[in-house]
Each structure stands twice: as C-alpha cells, then as structure tokens.
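**Q** Input: one structure, supplied below.
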Amino acid sequence: MVGLSEGEKHFIRGGIAQDLRTDGRRRLQFRAISVETGVIPQANGSARVRLGATEVIATVKDIVQIEVDPAAAAEINAKLTVAVQIEVVVVMRGDDDGEETRKRQRWGEERGCGDDGRGRDEPCGRLSWGNQAFFILIKGKFPFLLIVAQLQHPCLRVEVLKNFLLSSVLHCKDAYSVVKVGQVCWDLYIDGLVVSSDGNLLDALAGAIKVALSDTGIPKVNVSLSATTDEEPEVDVSDEEFLQFDTSSVPVIVTLTKVGKHYIVDATSEEESQMSSAVSVSVNRHGQICGLTKRGGAGLDPSVIFDMISVAKHVSRQFISVLDSEILAAEAAG
Amino acid sequence: MEYVNPLTGFRVDGRRPNEMRQLKGEVGVVARADGSALFEMGNTRVIAAVYGPREVQNKGQQVNSKDALVRCEYRMADFSTGDRRRKPKGDRRSTEISLVIRQTMEASILTHLMPRSQIDIFVQVLQADGGTRAACINAATLALADAGIPMRDIVTSCSAGYLCSTPLLDLNYIEDSAGGPDVTVGFLTKMDKVTLLQMDAKLPMDTFETVMDLAIEGCKAIANYIREVLLENTRRLECQRG
C-alpha cells in the first residue's frame, strides 16, 4: 500500500524511538487540527475535520418517523444508524491491489446487508492494513451487527465506533424525550465521508461526528392530537425553534499505534504501515472509558495495555479541549 | 407548475432564463491526490480527485499499450440529496455517469503522451441540486489541470432545458425533475468541438438548436471561469515559490 524503502522504514522507526517523528512531532503530539462546521447545508448538522492530510466530513441528518404502534414507539426511543463509508476519493496512489479493494468494497456492501453480519470470516489476508481500514469501515454502516468475539479480527474496529456512537445516543436520550411526543420519534443518520486519508481515520471520524452532533439542530415538534383517536395526529415541525445536543460528554477516540517499543498518537499512513499493533480508546470528558479495541497482529502485554489506556486518557484531555475550543470558535463564527 | 414567471420572466430560483448559477472552483482540496478540485454550481457541489499517471494496476484493462488508460468513478454521498437514501455503489445511474465522464475526459487528455500508464479520476458528489453530470466534468477538468496532465483543451460542461416555451440555462433540481428536456453538452472551447451531448426527452429540431446553443454558451462561460481559477492558482504558486 504505502511503498516505502528499507531506509525509509528504518528512518521512521528510528525517529519514533528517539521521540522525533519524520514530520517533527513528538510521540504523543497530534497533527494540526482544523474544524469547520456547517459544511453541508442540506444536513441538519455537519463538520469537516482535518488532521494533517487526513480529511473527513461527518453529517447528521434526521428524519421524523411516525410510529403507528405505540408499544413499538415506546421501545424505539431513538434509532441511530451509523453509515460510515470510505469513499472512492481516498484510494491512494501506489495502491497495489486496487481492483481487489474495489471488489471487497462491493462485497462489503452486498454481503454486509444481512443483519447476521455473515461473511466476516472471510480472510483479509491479502489486504494490507490500509485496505483493511477501507473494508472494515465500509462494513461499519451496519451498526447493529451481532457482536461476535473475534478478537483477532480487524472488524472489531467497527465496534469502537459503534460503542462510541451508542454512548453518545445514551447521552442524547434526554433530548429525545423532549422531542418525542406521543408516537413521534426521530431517526438520526450519521454519515462519515473520508475525503483524504493519511492515517488515524478513526480518531478524525469520531471527532468529526462529535462536532457534527454539536452542530445539529433538531427542529422542535408539536403534535396535536385530534378528538377522534382514529385520525393521524397532526405533526407540526417548527422551522425556527431547534434543540441542540449537548455534546460535552460525547467521547473522543484516541488511537495509540505501537511501532517498535514505543507508541505514538495520530499516526500518518506511513507510520501506520510500520505498526505492530494499535489500541483505540474512546474516552469522555470525565476520563471514563467508553470503548476499547486492539488491532494489529502482534500481541500486547497486559501491563502495556493499561499503560496505553492511561496515556490515552491523558492525551484525550488535550484532544477534547482542542475540539471544544474549535466548536466554540465555529459557533462564534457561524 | 410555472417554471418561468410569465410576468417577470424569472425562474423559480430568481434567475433569468439564460443565467447560470453561481460558480465556485477551488484547486487542491484533497491533500494526498495528485490533483484535486472542488466545483460548485449553485447548490451542486462536487469534489474530484485525480491520481496518476501511474503504472497500470490491472494489466487486463489495458486495451492499447500506446495510450494511457483513463478510469473514472462517480459516486454520490448518501447525504447529498434532500432525502437521505442509500444508493448502492455501482448502480446503473452512477455506472453510466462514470462512463460519460470518462469518455468526455478521454477526448481532451493527450493519452498518447503517456503510454502504459493509468489515470484515475474519482468524482464525489457532496450536494446534488441538478446538473451533477456537468459539475462533475468541470471538477474533473480542474483536477486534471491541477495534476498537470497534458490536455488538448479545457473541456467544460453545462446543461440546458426547455420549459414553459423558454430555453433555460443550467437547470436546478426542481427544473430538472419537471420532466422537460435536459440537454447536457460537453464542449472543447478553443477547438470549438462538442464532446458530449445527451438529451432525454423530445424536442423539435429548431428548438433543440437554440437550447444546444444556449448550453454551449454556458460551457464557454464556465471555461472562462475555469481558466481564471487556474491562472489564479498558478499566480499563487508562483508567489509561493518566491
């Protein structure tokens, strides 16, 4: 995928060992983050996040649903569908297996539709890491896949995103209970689009989704029930009044990539190609772990994992504060 | 429905019949592509990314080793339309548009200068409000120019229609879905040649000519704009070099 010579590989690894990476960063330093909100006017909320050369767009679209069956309506407070798709724009140069990837993309779409999530046993052996990311995130659009404990399988990467999103839904429940009157609830669709991929997609996507949620305005809904119960209730969706999500406790994801003996945050795709394993931790403002996953072939000592978690907690604090200040700046500007 | 106000002569979005939507072009929006561009026609917004010329990945696709292989992939984002709906990748519409864009771009790229190589064009629709085909071709032209790929001429595209007995330039989504004719023209401005012509509806011959002329005028205007964007970009690069 990433064509690197032996010398370059050595240089990257050596730089990480000496705490000075090829782009001049330290091991636990993020690339410059830039956040923009409201980039897709047609969506209820949207955000573009750039982390160096990685660029992702997240949008939130909501559709009002009128549930006829009250029992079902009570159960479905809010449905959240996450559709993360890696779009074609990210196909990288030097991608030696382009056709294969595309085949898998299609496969992911067709086969993934089954809610049993079958076909996941398909070995990903021929795909290099970057292509795996491709493939997995495409499958991520089926959020309620059965959770199968396949620890060695990279598909678990999806779970982090799912957990991350589910925890944000749990958080948003209050907002929903205000919106939901009688038999009306919202479907919330979150789309992630990768415009340019240079490593660390998960962190960037999670950040973008957090910002997009904060940018989302859910129109206020008034339902007037008519005297006769047979008729459908009249639903009035307001154009002026909006409810905002409070995203302050929505977690962010911090991925620690282990290269050699050390681990780094916010790896570029060159650095990702050198990784032995990576741990993604989703942490909220209070330092609570909302999701955790490990990927990559090499095993990790449990004590190293605990160490990584505490480092991720520490790093996430900076990341959250940067995102929050960007959200505030975007709100002030908009 | 009245698409052209009989009193004022204005269209549903307040434009005159021969008025184009606001154009916006930006070069170099995708960091890791060899060339990329964002192109907006009103609310229609597309991103194009070009990779190449590079080695042919799948030798089986190479028909002629003397020419470069041009590939194109068109994709609409789920959130690009008003109603969010899932469109499977590789559906017929996008396959057709991919093909149309590929053929149009192939007509302007000097493929014989890059034998045994491949050029990939990826087009992503972020917002669809009519005329996505035209916007995609314009974005692809900008991206190809940004990638420094030799071209015969700037190829631009614009649509035109005929509603309420008035030829209309650059249809938006409402006008596009009105069921009237929609003529999309791809045009090589300097060479004065049409490379793409599509129409889906019937139209009397003489009316067709006026509609097509209108679309060609639109193409010329877009070509001027694209040239400006590219010149501006070159000036910026020149400044950066010092």
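Chain identifiers are assigned as A, B, and so on, following the order in which chains appear in the structure tokens; residues are numbered from 1 within each chain, and ligands are numbered from 1 in order of appearance.
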Please determine the contact residues of chain B with respect to chain A at a cut-off of 8 Å, counting only C-alpha atoms, and supply them as a ChimeraX atom specification.

**A** /B:30-33,48-49,51-52,57-58,73,75,77-82,84,88-89,122-124,126-127

**Q** For Gly161 in chain B, please output as a PDB file with all heavy atoms, in the first residue's frame all residues within 8 Å (counting only C-alpha atoms; exclusion window: fewer than 6 positions along the same chain).

**A**
ATOM      1  N   PRO B 167     -36.133  28.505 -23.414  1.00  0.00           N
ATOM      2  CA  PRO B 167     -34.889  27.762 -23.175  1.00  0.00           C
ATOM      3  C   PRO B 167     -34.253  28.249 -21.872  1.00  0.00           C
ATOM      4  O   PRO B 167     -34.128  29.456 -21.650  1.00  0.00           O
ATOM      5  CB  PRO B 167     -34.004  28.121 -24.375  1.00  0.00           C
ATOM      6  CG  PRO B 167     -34.877  28.842 -25.332  1.00  0.00           C
ATOM      7  CD  PRO B 167     -36.011  29.421 -24.547  1.00  0.00           C
ATOM      8  N   LEU B 168     -33.877  27.297 -21.022  1.00  0.00           N
ATOM      9  CA  LEU B 168     -33.329  27.659 -19.724  1.00  0.00           C
ATOM     10  C   LEU B 168     -31.917  27.105 -19.604  1.00  0.00           C
ATOM     11  O   LEU B 168     -31.657  25.951 -19.953  1.00  0.00           O
ATOM     12  CB  LEU B 168     -34.191  27.069 -18.597  1.00  0.00           C
ATOM     13  CG  LEU B 168     -35.663  27.465 -18.564  1.00  0.00           C
ATOM     14  CD1 LEU B 168     -36.377  26.704 -17.468  1.00  0.00           C
ATOM     15  CD2 LEU B 168     -35.811  28.951 -18.350  1.00  0.00           C
ATOM     16  N   LEU B 169     -31.029  27.931 -19.065  1.00  0.00           N
ATOM     17  CA  LEU B 169     -29.636  27.503 -18.901  1.00  0.00           C
ATOM     18  C   LEU B 169     -29.437  26.942 -17.500  1.00  0.00           C
ATOM     19  O   LEU B 169     -29.992  27.472 -16.522  1.00  0.00           O
ATOM     20  CB  LEU B 169     -28.716  28.703 -19.140  1.00  0.00           C
ATOM     21  CG  LEU B 169     -27.211  28.432 -19.102  1.00  0.00           C
ATOM     22  CD1 LEU B 169     -26.783  27.556 -20.249  1.00  0.00           C
ATOM     23  CD2 LEU B 169     -26.433  29.732 -19.111  1.00  0.00           C
ATOM     24  N   ASP B 170     -28.627  25.889 -17.383  1.00  0.00           N
ATOM     25  CA  ASP B 170     -28.166  25.351 -16.095  1.00  0.00           C
ATOM     26  C   ASP B 170     -29.335  25.025 -15.150  1.00  0.00           C
ATOM     27  O   ASP B 170     -29.601  25.747 -14.200  1.00  0.00           O
ATOM     28  CB  ASP B 170     -27.214  26.371 -15.449  1.00  0.00           C
ATOM     29  CG  ASP B 170     -26.505  25.805 -14.242  1.00  0.00           C
ATOM     30  OD1 ASP B 170     -26.465  24.567 -14.104  1.00  0.00           O
ATOM     31  OD2 ASP B 170     -26.005  26.612 -13.443  1.00  0.00           O
ATOM     32  N   LEU B 171     -30.004  23.945 -15.441  1.00  0.00           N
ATOM     33  CA  LEU B 171     -31.200  23.581 -14.680  1.00  0.00           C
ATOM     34  C   LEU B 171     -30.860  23.184 -13.247  1.00  0.00           C
ATOM     35  O   LEU B 171     -29.878  22.491 -13.014  1.00  0.00           O
ATOM     36  CB  LEU B 171     -31.901  22.392 -15.353  1.00  0.00           C
ATOM     37  CG  LEU B 171     -32.294  22.544 -16.810  1.00  0.00           C
ATOM     38  CD1 LEU B 171     -33.007  21.292 -17.289  1.00  0.00           C
ATOM     39  CD2 LEU B 171     -33.181  23.753 -16.998  1.00  0.00           C
ATOM     40  N   ASP B 176     -35.012  20.311 -13.267  1.00  0.00           N
ATOM     41  CA  ASP B 176     -34.539  19.057 -13.837  1.00  0.00           C
ATOM     42  C   ASP B 176     -35.604  17.970 -13.718  1.00  0.00           C
ATOM     43  O   ASP B 176     -35.791  17.159 -14.626  1.00  0.00           O
ATOM     44  CB  ASP B 176     -33.271  18.639 -13.087  1.00  0.00           C
ATOM     45  CG  ASP B 176     -32.407  17.723 -13.921  1.00  0.00           C
ATOM     46  OD1 ASP B 176     -32.709  17.563 -15.104  1.00  0.00           O
ATOM     47  OD2 ASP B 176     -31.448  17.170 -13.372  1.00  0.00           O
ATOM     48  N   GLY B 180     -39.154  17.975 -18.434  1.00  0.00           N
ATOM     49  CA  GLY B 180     -38.852  18.546 -19.732  1.00  0.00           C
ATOM     50  C   GLY B 180     -37.520  18.036 -20.240  1.00  0.00           C
ATOM     51  O   GLY B 180     -36.870  17.227 -19.593  1.00  0.00           O
ATOM     52  N   PRO B 181     -37.117  18.456 -21.432  1.00  0.00           N
ATOM     53  CA  PRO B 181     -35.831  18.007 -21.951  1.00  0.00           C
ATOM     54  C   PRO B 181     -34.667  18.579 -21.140  1.00  0.00           C
ATOM     55  O   PRO B 181     -34.749  19.682 -20.617  1.00  0.00           O
ATOM     56  CB  PRO B 181     -35.817  18.554 -23.385  1.00  0.00           C
ATOM     57  CG  PRO B 181     -36.765  19.688 -23.370  1.00  0.00           C
ATOM     58  CD  PRO B 181     -37.809  19.364 -22.351  1.00  0.00           C
ATOM     59  N   ASP B 182     -33.627  17.779 -21.045  1.00  0.00           N
ATOM     60  CA  ASP B 182     -32.430  18.197 -20.318  1.00  0.00           C
ATOM     61  C   ASP B 182     -31.239  17.886 -21.218  1.00  0.00           C
ATOM     62  O   ASP B 182     -30.890  16.732 -21.419  1.00  0.00           O
ATOM     63  CB  ASP B 182     -32.363  17.428 -18.993  1.00  0.00           C
ATOM     64  CG  ASP B 182     -31.052  17.632 -18.268  1.00  0.00           C
ATOM     65  OD1 ASP B 182     -30.333  18.593 -18.615  1.00  0.00           O
ATOM     66  OD2 ASP B 182     -30.753  16.839 -17.351  1.00  0.00           O
ATOM     67  N   VAL B 183     -30.690  18.912 -21.801  1.00  0.00           N
ATOM     68  CA  VAL B 183     -29.578  18.732 -22.740  1.00  0.00           C
ATOM     69  C   VAL B 183     -28.274  19.021 -22.004  1.00  0.00           C
ATOM     70  O   VAL B 183     -28.077  20.126 -21.508  1.00  0.00           O
ATOM     71  CB  VAL B 183     -29.721  19.688 -23.947  1.00  0.00           C
ATOM     72  CG1 VAL B 183     -28.624  19.434 -24.947  1.00  0.00           C
ATOM     73  CG2 VAL B 183     -31.081  19.523 -24.586  1.00  0.00           C
ATOM     74  N   VAL B 211     -31.584  25.513 -27.813  1.00  0.00           N
ATOM     75  CA  VAL B 211     -31.247  25.016 -26.478  1.00  0.00           C
ATOM     76  C   VAL B 211     -29.784  24.598 -26.432  1.00  0.00           C
ATOM     77  O   VAL B 211     -29.048  24.913 -25.492  1.00  0.00           O
ATOM     78  CB  VAL B 211     -32.177  23.846 -26.082  1.00  0.00           C
ATOM     79  CG1 VAL B 211     -31.709  23.205 -24.791  1.00  0.00           C
ATOM     80  CG2 VAL B 211     -33.597  24.326 -25.921  1.00  0.00           C
TER      81      VAL B 211
END

**Q** Residues at most 6 Å from Ser282 in chain A, counting only C-alpha atoms, excluding those fewer than 3 positions away in the same chain, as a list in words?

**A**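 Neighbouring residues, sequence-local ones excluded: Pro251, Val252, Ile253, Ile289, Cys290 and Gly291 of chain A.
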
**Q** So that I can check the surroundings of Asp324 in chain A, please list as a ChimeraX atom specification every protein, DNA and RNA residue that reaches within 9 Å of it, counting only C-alpha atoms and ignoring chain neighbours fewer than 4 positions away.

**A** /A:211,248,319-320,328-329

**Q** Provide the CA of Arg133 in chain B to CA of Ser65 in chain B distance in Å, to one decimal place.

**A**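 CA of Ser65 in chain B lies 29.3 Å from CA of Arg133 in chain B.
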